[in-house]
file query_0.cif (mmCIF, C-alpha atoms)
data_model
#
loop_
_atom_site.label_atom_id
_atom_site.label_comp_id
_atom_site.auth_asym_id
_atom_site.auth_seq_id
_atom_site.Cartn_x
_atom_site.Cartn_y
_atom_site.Cartn_z
CA MET A 21 125.00 105.89 57.46
CA GLN A 22 121.87 104.90 59.27
CA GLY A 23 123.49 104.95 62.68
CA GLY A 24 120.74 107.38 63.59
CA GLN A 25 121.66 109.34 66.72
CA VAL A 26 123.93 106.68 68.11
CA PRO A 27 126.77 108.14 70.20
CA ARG A 28 129.81 108.49 68.01
CA VAL A 29 133.50 109.06 68.59
CA PHE A 30 135.30 111.66 66.48
CA LEU A 31 139.00 112.05 66.93
CA ARG A 32 141.60 114.26 65.32
CA LEU A 33 144.37 112.23 63.74
CA LEU A 34 147.43 112.32 61.54
CA MET A 35 147.65 110.64 58.17
CA ILE A 36 150.68 109.76 56.10
CA PHE A 37 150.16 108.71 52.48
CA HIS A 38 152.77 107.37 50.11
CA ILE A 39 152.77 107.41 46.34
CA LEU A 40 151.62 104.22 44.67
CA HIS A 41 150.83 103.70 41.00
CA GLU A 42 150.87 107.48 40.75
CA LEU A 43 147.62 107.64 42.72
CA ILE A 44 148.72 110.48 44.97
CA PHE A 45 146.92 111.94 47.96
CA CYS A 46 149.81 114.01 49.27
CA GLU A 47 153.56 114.12 49.43
CA PRO A 48 155.34 111.14 51.03
CA GLN A 49 155.86 111.35 54.78
CA GLU A 50 153.64 114.43 55.04
CA SER A 51 151.13 114.56 57.90
CA ARG A 52 147.47 115.52 57.61
CA HIS A 53 144.83 116.46 60.13
CA LEU A 54 141.75 114.29 59.78
CA LEU A 55 138.62 113.30 61.66
CA LEU A 56 137.62 109.69 62.22
CA PHE A 57 133.94 108.77 62.45
CA VAL A 58 133.00 105.57 64.25
CA SER A 59 129.31 104.73 64.41
CA PRO A 60 128.87 102.29 67.30
CA LEU A 61 125.75 100.76 65.76
CA PHE A 62 124.16 100.74 62.32
CA ILE A 63 120.89 98.99 63.11
CA HIS A 64 120.20 99.56 66.80
CA GLU A 65 119.16 102.75 68.53
CA ARG A 66 120.95 105.48 70.44
CA GLY A 67 122.11 104.29 73.83
CA SER A 68 122.11 100.60 72.85
CA PRO A 69 125.03 98.54 74.20
CA GLU A 70 128.06 98.57 71.93
CA THR A 71 128.20 94.80 72.23
CA LEU A 72 125.20 94.15 69.97
CA ARG A 73 125.63 92.31 66.68
CA ASP A 74 125.64 95.15 64.19
CA PRO A 75 127.74 96.70 61.42
CA ARG A 76 129.82 99.66 62.60
CA GLY A 77 130.33 102.79 60.56
CA PHE A 78 133.92 103.73 59.73
CA ALA A 79 134.54 106.98 57.88
CA VAL A 80 137.42 109.43 57.59
CA LYS A 81 137.29 113.12 56.70
CA PHE A 82 140.48 114.20 54.92
CA TYR A 83 141.31 117.88 55.31
CA THR A 84 143.47 118.23 52.22
CA ARG A 85 145.94 120.99 51.54
CA GLU A 86 145.89 123.24 48.49
CA VAL A 87 147.79 121.55 45.69
CA SER A 88 148.80 122.31 42.15
CA TYR A 89 147.15 120.26 39.46
CA THR A 90 150.54 120.10 37.75
CA ASP A 91 151.42 117.64 40.53
CA LEU A 92 148.17 115.82 41.10
CA TYR A 93 145.14 114.64 39.18
CA CYS A 94 142.23 113.02 40.91
CA LEU A 95 138.62 112.40 39.95
CA LEU A 96 137.41 113.35 43.40
CA SER A 97 135.53 116.63 43.04
CA GLY A 98 136.73 119.37 45.37
CA PHE A 99 139.77 117.36 46.40
CA GLU A 100 141.59 120.49 47.58
CA GLY A 101 138.80 120.89 50.11
CA ASN A 102 137.55 117.86 52.03
CA PHE A 103 137.41 114.27 50.89
CA ASP A 104 135.11 111.96 52.86
CA LEU A 105 135.92 108.25 52.71
CA VAL A 106 132.70 106.73 54.07
CA GLY A 107 132.36 103.05 54.86
CA ASN A 108 131.82 100.27 57.40
CA ASN A 109 133.84 97.74 59.36
CA PHE A 110 132.86 95.10 56.76
CA PRO A 111 134.14 95.19 53.15
CA VAL A 112 130.71 94.47 51.64
CA PHE A 113 127.12 95.64 52.03
CA PHE A 114 123.64 94.08 52.21
CA ILE A 115 122.25 95.18 48.84
CA ARG A 116 123.58 96.39 45.51
CA ASP A 117 120.57 98.49 44.47
CA GLY A 118 120.78 101.86 46.20
CA MET A 119 117.08 102.47 45.49
CA LYS A 120 116.28 99.79 48.08
CA PHE A 121 118.28 101.41 50.86
CA PRO A 122 115.29 103.02 52.63
CA ASP A 123 113.38 99.72 52.57
CA MET A 124 116.43 97.90 53.90
CA VAL A 125 116.72 100.33 56.80
CA HIS A 126 113.02 99.98 57.60
CA ALA A 127 113.33 96.19 57.66
CA LEU A 128 116.33 96.33 60.01
CA LYS A 129 114.73 98.85 62.37
CA PRO A 130 112.03 98.04 64.95
CA ASN A 131 108.49 97.08 63.98
CA PRO A 132 106.62 100.40 63.46
CA LYS A 133 103.60 99.02 65.29
CA SER A 134 105.28 97.62 68.39
CA HIS A 135 108.74 99.24 68.21
CA ILE A 136 110.27 95.80 68.71
CA GLN A 137 113.08 94.63 66.48
CA GLU A 138 112.10 91.25 65.02
CA ASN A 139 114.01 88.75 62.90
CA TRP A 140 111.01 87.82 60.76
CA ARG A 141 110.96 91.30 59.23
CA ILE A 142 114.68 91.20 58.43
CA LEU A 143 114.53 87.69 56.99
CA ASP A 144 111.43 88.52 54.97
CA PHE A 145 113.03 91.54 53.29
CA PHE A 146 116.40 89.95 52.56
CA SER A 147 114.78 86.77 51.24
CA HIS A 148 114.22 88.91 48.13
CA HIS A 149 117.93 89.80 48.01
CA PRO A 150 120.23 86.77 47.79
CA GLU A 151 123.18 89.13 47.28
CA SER A 152 122.90 89.85 51.04
CA LEU A 153 124.39 86.43 51.90
CA HIS A 154 127.93 87.74 51.70
CA MET A 155 127.19 90.53 54.19
CA PHE A 156 125.54 88.03 56.52
CA THR A 157 128.71 85.91 56.52
CA PHE A 158 130.31 88.90 58.22
CA LEU A 159 127.43 90.02 60.43
CA PHE A 160 126.65 86.53 61.79
CA ASP A 161 130.33 85.64 62.01
CA ASP A 162 132.44 86.31 65.11
CA VAL A 163 133.48 89.70 63.67
CA GLY A 164 129.84 90.81 64.01
CA VAL A 165 130.68 91.92 67.56
CA PRO A 166 134.09 93.66 67.69
CA GLN A 167 135.92 93.62 71.00
CA ASP A 168 136.36 97.38 70.68
CA TYR A 169 137.10 99.97 67.99
CA ARG A 170 140.88 99.65 68.28
CA HIS A 171 140.62 96.03 67.13
CA MET A 172 138.20 96.65 64.27
CA GLU A 173 138.85 96.91 60.54
CA GLY A 174 137.44 99.61 58.28
CA SER A 175 136.53 99.54 54.62
CA GLY A 176 135.51 102.05 51.97
CA VAL A 177 133.12 99.35 50.61
CA ASN A 178 132.45 101.24 47.37
CA THR A 179 134.72 101.23 44.34
CA TYR A 180 136.32 104.58 43.53
CA THR A 181 137.88 105.85 40.32
CA LEU A 182 141.17 107.69 40.75
CA ILE A 183 143.03 109.36 37.92
CA ASN A 184 146.77 110.02 37.85
CA LYS A 185 148.56 113.00 36.32
CA SER A 186 148.81 111.36 32.91
CA GLY A 187 145.03 110.88 32.81
CA LYS A 188 145.08 107.13 33.46
CA ALA A 189 142.17 105.85 35.57
CA HIS A 190 142.25 103.06 38.14
CA TYR A 191 139.40 101.41 40.03
CA VAL A 192 140.30 101.47 43.72
CA LYS A 193 139.05 99.95 46.98
CA PHE A 194 140.22 101.23 50.38
CA HIS A 195 140.90 99.08 53.46
CA TRP A 196 141.90 100.03 57.01
CA LYS A 197 143.73 97.35 59.04
CA PRO A 198 144.34 97.85 62.79
CA THR A 199 147.97 97.34 63.73
CA CYS A 200 146.94 95.68 67.00
CA GLY A 201 144.94 93.02 65.13
CA VAL A 202 141.26 92.11 64.94
CA LYS A 203 139.54 90.85 68.09
CA CYS A 204 135.90 89.94 68.72
CA LEU A 205 133.51 89.17 71.56
CA LEU A 206 131.63 85.89 71.59
CA GLU A 207 128.13 85.68 73.01
CA GLU A 208 128.91 85.14 76.71
CA GLU A 209 131.69 87.73 76.64
CA ALA A 210 129.44 90.26 74.93
CA ILE A 211 126.71 89.82 77.54
CA LYS A 212 129.19 90.30 80.36
CA VAL A 213 130.94 93.32 78.86
CA GLY A 214 127.74 95.00 77.65
CA GLY A 215 126.04 94.41 80.98
CA SER A 216 128.77 96.22 82.89
CA ASN A 217 129.29 99.16 80.48
CA HIS A 218 127.01 99.85 77.52
CA SER A 219 129.59 102.19 75.93
CA HIS A 220 132.70 100.13 76.65
CA ALA A 221 134.19 100.57 73.16
CA THR A 222 133.88 104.35 73.22
CA LYS A 223 135.49 104.47 76.66
CA ASP A 224 138.28 102.14 75.58
CA LEU A 225 139.11 104.33 72.58
CA SER A 226 139.03 107.58 74.57
CA ASP A 227 141.06 106.15 77.45
CA SER A 228 143.68 104.70 75.12
CA ILE A 229 144.26 108.04 73.41
CA ALA A 230 144.34 109.93 76.72
CA ALA A 231 146.96 107.47 78.01
CA GLY A 232 149.14 107.93 74.93
CA ASN A 233 148.43 104.42 73.66
CA TYR A 234 147.42 105.76 70.27
CA PRO A 235 145.27 103.46 68.12
CA GLU A 236 146.66 102.95 64.65
CA TRP A 237 145.47 101.61 61.33
CA LYS A 238 147.36 100.97 58.11
CA LEU A 239 145.66 101.97 54.89
CA PHE A 240 145.73 99.59 51.94
CA ILE A 241 144.29 99.83 48.46
CA GLN A 242 143.42 97.34 45.78
CA THR A 243 143.47 98.46 42.17
CA ILE A 244 141.94 97.25 38.91
CA ASP A 245 142.78 98.56 35.48
CA PRO A 246 139.42 99.46 33.85
CA ASP A 247 140.60 97.63 30.74
CA HIS A 248 140.64 94.40 32.80
CA GLU A 249 137.27 94.61 34.55
CA ASP A 250 135.74 91.88 32.37
CA ARG A 251 138.37 89.35 33.47
CA PHE A 252 136.59 88.62 36.73
CA ASP A 253 133.49 86.59 37.57
CA PHE A 254 132.06 89.57 39.50
CA ASP A 255 131.31 93.20 38.74
CA PRO A 256 134.08 95.39 40.30
CA PHE A 257 131.42 97.96 41.26
CA ASP A 258 129.19 95.43 43.04
CA VAL A 259 129.28 96.39 46.75
CA THR A 260 128.26 92.85 47.75
CA LYS A 261 131.58 91.48 46.47
CA THR A 262 135.15 91.56 47.70
CA TRP A 263 138.14 91.64 45.40
CA PRO A 264 140.19 88.43 45.86
CA GLU A 265 143.46 89.37 47.53
CA ASP A 266 145.36 86.53 45.88
CA ILE A 267 144.58 88.11 42.49
CA LEU A 268 144.38 91.77 43.53
CA PRO A 269 146.75 92.10 46.50
CA LEU A 270 146.50 94.69 49.23
CA GLN A 271 149.00 97.48 48.64
CA PRO A 272 150.09 99.65 51.61
CA VAL A 273 149.72 103.38 51.02
CA GLY A 274 149.47 105.04 54.41
CA ARG A 275 149.07 105.07 58.16
CA LEU A 276 146.40 106.53 60.43
CA VAL A 277 147.16 107.42 64.05
CA LEU A 278 144.56 108.65 66.54
CA ASN A 279 146.47 111.03 68.77
CA LYS A 280 143.89 113.47 70.11
CA ASN A 281 140.41 113.22 71.61
CA ILE A 282 137.72 115.69 70.63
CA ASP A 283 137.27 118.89 72.64
CA ASN A 284 133.54 119.39 72.17
CA PHE A 285 131.22 116.44 71.61
CA PHE A 286 128.40 118.51 70.13
CA ALA A 287 130.48 120.63 67.76
CA GLU A 288 132.84 117.89 66.63
CA ASN A 289 130.49 114.92 66.86
CA GLU A 290 126.82 115.71 66.46
CA GLN A 291 127.42 118.34 63.78
CA LEU A 292 129.86 116.32 61.72
CA ALA A 293 128.55 115.49 58.25
CA PHE A 294 129.93 113.06 55.69
CA CYS A 295 129.29 112.77 51.99
CA PRO A 296 131.67 111.27 49.44
CA ALA A 297 130.35 113.54 46.69
CA ILE A 298 130.52 117.08 48.07
CA VAL A 299 132.39 119.49 50.30
CA VAL A 300 130.18 120.49 53.22
CA PRO A 301 130.57 124.21 54.05
CA GLY A 302 129.91 126.14 57.22
CA LEU A 303 130.50 123.97 60.25
CA PRO A 304 133.98 124.00 61.79
CA ALA A 305 134.30 120.22 61.82
CA ASN A 306 133.26 120.08 58.17
CA ALA A 307 134.86 123.24 56.81
CA PRO A 308 137.87 122.83 54.51
CA LYS A 309 141.24 123.80 55.99
CA CYS A 310 142.28 125.51 52.75
CA ALA A 311 140.87 128.22 50.47
CA HIS A 312 138.82 125.92 48.27
CA HIS A 313 135.10 125.96 49.02
CA ASN A 314 131.84 126.71 47.24
CA HIS A 315 131.01 130.12 48.80
CA HIS A 316 127.77 128.93 50.37
CA HIS A 317 126.75 131.10 53.32
CA GLU A 318 124.27 130.91 56.18
CA GLY A 319 121.91 127.97 56.50
CA PHE A 320 121.09 125.89 59.57
CA MET A 321 123.84 125.49 62.17
CA ASN A 322 126.19 127.84 60.29
CA PHE A 323 127.85 130.03 62.90
CA MET A 324 131.20 130.74 61.25
CA HIS A 325 132.26 134.35 60.83
CA ARG A 326 132.13 135.24 57.13
CA ASP A 327 132.96 138.66 55.70
CA GLU A 328 133.20 137.85 51.98
CA GLU A 329 130.99 139.71 49.51
CA VAL A 330 130.80 136.81 47.08
CA ASN A 331 128.52 134.00 48.25
CA TYR A 332 128.07 132.20 44.95
CA PHE A 333 130.13 130.09 42.57
CA SER A 334 131.60 130.75 40.05
CA SER A 335 132.87 134.36 40.36
CA ARG A 336 135.47 136.44 38.53
CA PHE A 337 135.89 138.51 41.69
CA ASP A 338 137.31 135.51 43.53
CA PRO A 339 139.20 133.49 40.93
CA VAL A 340 141.49 131.87 43.48
CA CYS A 341 138.80 129.32 44.25
CA HIS A 342 138.58 128.10 40.68
CA ALA A 343 140.20 124.71 40.41
CA GLU A 344 142.18 124.02 37.28
CA ARG A 345 140.79 121.52 34.84
CA PHE A 346 142.27 118.05 34.78
CA PRO A 347 142.19 115.40 32.07
CA MET A 348 139.35 112.89 32.08
CA PRO A 349 140.07 109.59 30.36
CA PRO A 350 137.75 109.23 27.33
CA SER A 351 135.54 106.19 27.06
CA VAL A 352 133.36 104.95 24.24
CA LEU A 353 130.00 103.61 25.35
CA ARG A 354 127.49 101.72 23.25
CA GLY A 355 124.13 100.33 24.24
CA LYS A 356 121.12 101.48 26.19
CA ARG A 357 120.72 102.79 29.71
CA ASP A 358 118.37 100.65 31.76
CA ARG A 359 117.63 99.69 35.37
CA CYS A 360 118.04 95.94 35.46
CA ILE A 361 119.81 93.08 37.22
CA ILE A 362 123.54 93.03 36.57
CA GLU A 363 124.91 90.22 34.41
CA LYS A 364 127.40 88.90 36.97
CA GLU A 365 125.26 88.43 40.06
CA ASN A 366 127.21 85.41 41.34
CA ASN A 367 125.52 85.70 44.73
CA PHE A 368 126.67 82.44 46.29
CA LYS A 369 130.34 81.84 45.41
CA GLN A 370 132.01 84.28 47.78
CA PRO A 371 129.73 83.54 50.79
CA GLY A 372 130.49 79.83 50.33
CA GLU A 373 134.23 80.45 50.07
CA ARG A 374 134.21 82.55 53.22
CA TYR A 375 132.28 79.91 55.18
CA ARG A 376 134.65 77.15 54.05
CA SER A 377 137.68 79.20 55.13
CA TRP A 378 136.63 79.03 58.80
CA ALA A 379 137.64 76.48 61.40
CA PRO A 380 134.90 73.98 62.40
CA ASP A 381 134.14 75.73 65.70
CA ARG A 382 133.68 79.04 63.92
CA GLN A 383 131.38 77.41 61.38
CA GLU A 384 129.34 75.94 64.22
CA ARG A 385 128.86 79.33 65.87
CA PHE A 386 127.71 80.77 62.55
CA ILE A 387 125.16 77.97 62.10
CA CYS A 388 123.82 78.40 65.64
CA ARG A 389 123.26 82.11 65.09
CA TRP A 390 121.37 81.50 61.88
CA VAL A 391 119.25 78.75 63.39
CA GLU A 392 118.31 81.08 66.26
CA ALA A 393 117.26 83.79 63.80
CA LEU A 394 115.23 81.40 61.66
CA LEU A 395 113.41 80.05 64.74
CA ASP A 396 111.45 83.30 64.99
CA PRO A 397 107.85 82.01 65.19
CA ARG A 398 106.68 84.42 62.49
CA VAL A 399 109.17 83.14 59.91
CA THR A 400 106.97 81.27 57.45
CA HIS A 401 107.80 77.92 55.87
CA GLU A 402 108.25 79.72 52.54
CA ILE A 403 110.82 82.16 53.97
CA LEU A 404 112.54 79.33 55.82
CA SER A 405 112.82 77.29 52.64
CA ILE A 406 114.24 80.24 50.71
CA TRP A 407 117.00 80.80 53.21
CA ILE A 408 117.92 77.13 53.36
CA SER A 409 118.02 77.15 49.56
CA TYR A 410 120.29 80.19 49.57
CA TRP A 411 122.75 78.74 52.06
CA SER A 412 122.70 75.38 50.26
CA GLN A 413 123.72 77.13 47.06
CA ALA A 414 126.58 78.81 48.92
CA ASN A 415 127.64 75.52 50.53
CA LYS A 416 125.63 72.31 50.36
CA SER A 417 126.79 71.09 53.77
CA LEU A 418 125.89 74.42 55.39
CA GLY A 419 122.35 74.31 54.02
CA GLN A 420 121.91 70.71 55.13
CA LYS A 421 123.10 71.45 58.66
CA ILE A 422 120.74 74.42 59.05
CA ALA A 423 117.85 72.36 57.64
CA THR A 424 118.58 69.48 60.00
CA ARG A 425 118.56 71.75 63.05
CA LEU A 426 115.20 73.13 61.92
CA ASN A 427 113.71 69.77 60.90
CA VAL A 428 113.22 71.03 57.36
CA ARG A 429 114.12 69.14 54.20
CA PRO A 430 116.43 71.24 51.99
CA SER A 431 115.17 71.81 48.45
CA ILE A 432 118.73 71.67 47.05
#

call {"tool": "encode", "arguments": {"input": "query_0.cif", "output": "structure tokens"}}
result
Amino acid sequence: MQGGQVPRVFLRLLMIFHILHELIFCEPQESRHLLLFVSPLFIHERGSPETLRDPRGFAVKFYTREVSYTDLYCLLSGFEGNFDLVGNNFPVFFIRDGMKFPDMVHALKPNPKSHIQENWRILDFFSHHPESLHMFTFLFDDVGVPQDYRHMEGSGVNTYTLINKSGKAHYVKFHWKPTCGVKCLLEEEAIKVGGSNHSHATKDLSDSIAAGNYPEWKLFIQTIDPDHEDRFDFDPFDVTKTWPEDILPLQPVGRLVLNKNIDNFFAENEQLAFCPAIVVPGLPANAPKCAHHNHHHEGFMNFMHRDEEVNYFSSRFDPVCHAERFPMPPSVLRGKRDRCIIEKENNFKQPGERYRSWAPDRQERFICRWVEALLDPRVTHEILSIWISYWSQANKSLGQKIATRLNVRPSI
């Protein structure tokens, strides 16, 4: 997450998972200690008001127990250690090509010459990426400024592959839904709230937990059988797409309750690390709560007491840390490996559907925000025309309304 050094809230919590489609995290009704990561801001800098229009990070660190592979099979490497479910408060992302992530961050951050954040840089970069439209229908929508973290959704964004004990794989997406509902701040409200307390959302979350009004989210998954992935007009692994809930319904699998504030901001906040691919050793907030780890010792910020003689993996002197093998579903692949544009781009359908699902007043607010962004004096006529073309392809009426406000003739 490119939240930089934005103040974050990390809270210990309990998690209850249930069995569904034999995709098992733990036994039914069993509690787990976890850490929740909330990044107040993705784009803006440390100390910025939490009322700015910005994606929020939402990630959970699962401290799993030691389990027997006779009971559980899962693709997630090191599952008996820590599993990090890293995501945002939106179900999609700006770009689908991870190679462009550094450029995307540079475009969103302040101008390196003046250190001023400017819309022309953002609009210039994303004019090359029409797949970003779907993300912008969230960012420039009312949900772009959550009222606070208790009323904010979370999403794993990426598609995961989970494998059950019989070796059957499923494609899975994760969704967190707040039990108290989703609430947002409109422009005038955001100015008022942010002007009185720049960290209002952090304070609200901390105060609620301290008062015993524990925030709660329900965890849902969507699943796709890999044999059915070609049935859809989108690529299931495309992070700029959502999976239609009328076709792939949300299935409840668990509950998350924040019932304890952190004890040490530096140790449990600033040193917390997330990565979906590995188990991070060494730091207390990141260390597994069971015997499974990779033996790595020392390194920066590692102050845990270690008295083992084996600091490498694998070792016959410490066989307890060897995880049993689990079945991997075989797949036959034919073709060539290449870096190219995916076949099912379909960049405009879902943004258009989302816009049309809103009430007229919500559509009007969305249009006003886009017109304001496009009025940046350094946005060229070429860039302006591209964006009007994009929004016209998503919804003809939307493109026409933006063009009319800007006195530009739409090309579509």

call {"tool": "residues_near_point", "arguments": {"input": "query_0.cif", "point": "(117.1, 83.1, 65.4)", "cutoff": "12 Å", "atoms": "all atoms listed in the file", "output": "PDB file with C-alpha atoms, in the frame of the given file"}}
result
ATOM      1  CA  GLU A 138     112.100  91.250  65.020  1.00  0.00           C
ATOM      2  CA  ASN A 139     114.010  88.750  62.900  1.00  0.00           C
ATOM      3  CA  TRP A 140     111.010  87.820  60.760  1.00  0.00           C
ATOM      4  CA  ARG A 141     110.960  91.300  59.230  1.00  0.00           C
ATOM      5  CA  ILE A 142     114.680  91.200  58.430  1.00  0.00           C
ATOM      6  CA  LEU A 143     114.530  87.690  56.990  1.00  0.00           C
ATOM      7  CA  PHE A 160     126.650  86.530  61.790  1.00  0.00           C
ATOM      8  CA  PHE A 386     127.710  80.770  62.550  1.00  0.00           C
ATOM      9  CA  ILE A 387     125.160  77.970  62.100  1.00  0.00           C
ATOM     10  CA  CYS A 388     123.820  78.400  65.640  1.00  0.00           C
ATOM     11  CA  ARG A 389     123.260  82.110  65.090  1.00  0.00           C
ATOM     12  CA  TRP A 390     121.370  81.500  61.880  1.00  0.00           C
ATOM     13  CA  VAL A 391     119.250  78.750  63.390  1.00  0.00           C
ATOM     14  CA  GLU A 392     118.310  81.080  66.260  1.00  0.00           C
ATOM     15  CA  ALA A 393     117.260  83.790  63.800  1.00  0.00           C
ATOM     16  CA  LEU A 394     115.230  81.400  61.660  1.00  0.00           C
ATOM     17  CA  LEU A 395     113.410  80.050  64.740  1.00  0.00           C
ATOM     18  CA  ASP A 396     111.450  83.300  64.990  1.00  0.00           C
ATOM     19  CA  PRO A 397     107.850  82.010  65.190  1.00  0.00           C
ATOM     20  CA  ARG A 398     106.680  84.420  62.490  1.00  0.00           C
ATOM     21  CA  VAL A 399     109.170  83.140  59.910  1.00  0.00           C
ATOM     22  CA  LEU A 404     112.540  79.330  55.820  1.00  0.00           C
ATOM     23  CA  ILE A 422     120.740  74.420  59.050  1.00  0.00           C
ATOM     24  CA  ARG A 425     118.560  71.750  63.050  1.00  0.00           C
ATOM     25  CA  LEU A 426     115.200  73.130  61.920  1.00  0.00           C
TER      26      LEU A 426
END

call {"tool": "residues_around", "arguments": {"input": "query_0.cif", "residues": "segment 168-185 of chain A", "least_positions_apart": "3", "cutoff": "7 Å", "atoms": "all atoms listed in the file", "output": "number ranges by chain"}}
result
A: 42-43, 78, 91-95, 105-112, 188-198, 200-203, 221, 225, 235, 257, 259

call {"tool": "atom_distance", "arguments": {"input": "query_0.cif", "atom1": "atom CA of Ala230 of chain A", "atom2": "atom CA of Lys280 of chain A"}}
result
7.5 Å

call {"tool": "closest_residue", "arguments": {"input": "query_0.cif", "among": "A:Lys238, A:Arg73, A:His135, A:Lys129", "to": "Ala210 of chain A", "atoms": "all atoms listed in the file"}}
result
A:Arg73

call {"tool": "atom_distance", "arguments": {"input": "query_0.cif", "atom1": "atom CA of Phe240 of chain A", "atom2": "atom CA of Gly274 of chain A"}}
result
7.1 Å

call {"tool": "closest_residue", "arguments": {"input": "query_0.cif", "among": "A:Phe62, A:Trp407, A:Phe294, A:Tyr375", "to": "Phe82 of chain A", "atoms": "all atoms listed in the file"}}
result
A:Phe294

call {"tool": "atom_distance", "arguments": {"input": "query_0.cif", "atom1": "atom CA of Leu418 of chain A", "atom2": "atom CA of Asp258 of chain A"}}
result
24.6 Å

call {"tool": "resolve_selection", "arguments": {"input": "query_0.cif", "expression": "the PyMOL selection byres ((chain A and resi 126) around 12)", "output": "ChimeraX atom specification"}}
result
/A:22,63-64,120-125,127-132,135,137-138,141-142,144-146

call {"tool": "write_last_selection", "arguments": {"input": "query_0.cif", "atoms": "C-alpha atoms", "output": "JSON list (two decimals), keeping the file's coordinate frame"}}
result
[["chain", "number", "residue", "atom", "x", "y", "z"],
["A", 22, "GLN", "CA", 121.87, 104.90, 59.27],
["A", 63, "ILE", "CA", 120.89, 98.99, 63.11],
["A", 64, "HIS", "CA", 120.20, 99.56, 66.80],
["A", 120, "LYS", "CA", 116.28, 99.79, 48.08],
["A", 121, "PHE", "CA", 118.28, 101.41, 50.86],
["A", 122, "PRO", "CA", 115.29, 103.02, 52.63],
["A", 123, "ASP", "CA", 113.38, 99.72, 52.57],
["A", 124, "MET", "CA", 116.43, 97.90, 53.90],
["A", 125, "VAL", "CA", 116.72, 100.33, 56.80],
["A", 127, "ALA", "CA", 113.33, 96.19, 57.66],
["A", 128, "LEU", "CA", 116.33, 96.33, 60.01],
["A", 129, "LYS", "CA", 114.73, 98.85, 62.37],
["A", 130, "PRO", "CA", 112.03, 98.04, 64.95],
["A", 131, "ASN", "CA", 108.49, 97.08, 63.98],
["A", 132, "PRO", "CA", 106.62, 100.40, 63.46],
["A", 135, "HIS", "CA", 108.74, 99.24, 68.21],
["A", 137, "GLN", "CA", 113.08, 94.63, 66.48],
["A", 138, "GLU", "CA", 112.10, 91.25, 65.02],
["A", 141, "ARG", "CA", 110.96, 91.30, 59.23],
["A", 142, "ILE", "CA", 114.68, 91.20, 58.43],
["A", 144, "ASP", "CA", 111.43, 88.52, 54.97],
["A", 145, "PHE", "CA", 113.03, 91.54, 53.29],
["A", 146, "PHE", "CA", 116.40, 89.95, 52.56]]

call {"tool": "closest_residue", "arguments": {"input": "query_0.cif", "among": "A:Arg275, A:Lys261, A:His248, A:Lys212", "to": "Phe113 of chain A", "atoms": "all atoms listed in the file"}}
result
A:Lys261

call {"tool": "closest_residue", "arguments": {"input": "query_0.cif", "among": "A:Leu206, A:Ile362, A:His149, A:Ile282", "to": "Pro256 of chain A", "atoms": "only C-alpha atoms"}}
result
A:Ile362

call {"tool": "resolve_selection", "arguments": {"input": "query_0.cif", "expression": "the PyMOL selection byres ((chain A and resi 114) around 6)", "output": "NGL selection string"}}
result
:A and (113 or 115 or 152 or 155)

call {"tool": "residues_near_point", "arguments": {"input": "query_0.cif", "point": "(152.2, 93.8, 47.3)", "cutoff": "12 Å", "atoms": "all atoms listed in the file", "output": "list of chain:residue names"}}
result
A:Leu40, A:His41, A:Phe240, A:Ile241, A:Gln242, A:Thr243, A:Glu265, A:Asp266, A:Ile267, A:Leu268, A:Pro269, A:Leu270, A:Gln271, A:Pro272, A:Val273

call {"tool": "closest_residue", "arguments": {"input": "query_0.cif", "among": "A:Glu207, A:Asp283, A:Glu329, A:Glu151", "to": "Lys364 of chain A", "atoms": "all atoms listed in the file"}}
result
A:Glu151

call {"tool": "closest_residue", "arguments": {"input": "query_0.cif", "among": "A:Pro371, A:Gly77, A:Pro350, A:Pro264", "to": "Gln413 of chain A", "atoms": "only C-alpha atoms"}}
result
A:Pro371

call {"tool": "residues_around", "arguments": {"input": "query_0.cif", "residues": "Phe103 of chain A", "least_positions_apart": "4", "cutoff": "7 Å", "atoms": "all atoms listed in the file", "output": "PyMOL selection string"}}
result
chain A and resi 81-83+99+296

call {"tool": "residues_around", "arguments": {"input": "query_0.cif", "residues": "Ala414 of chain A", "least_positions_apart": "5", "cutoff": "10 Å", "atoms": "only C-alpha atoms", "output": "MDAnalysis selection string"}}
result
chainID A and resid 153:154 367:376 408:409 419
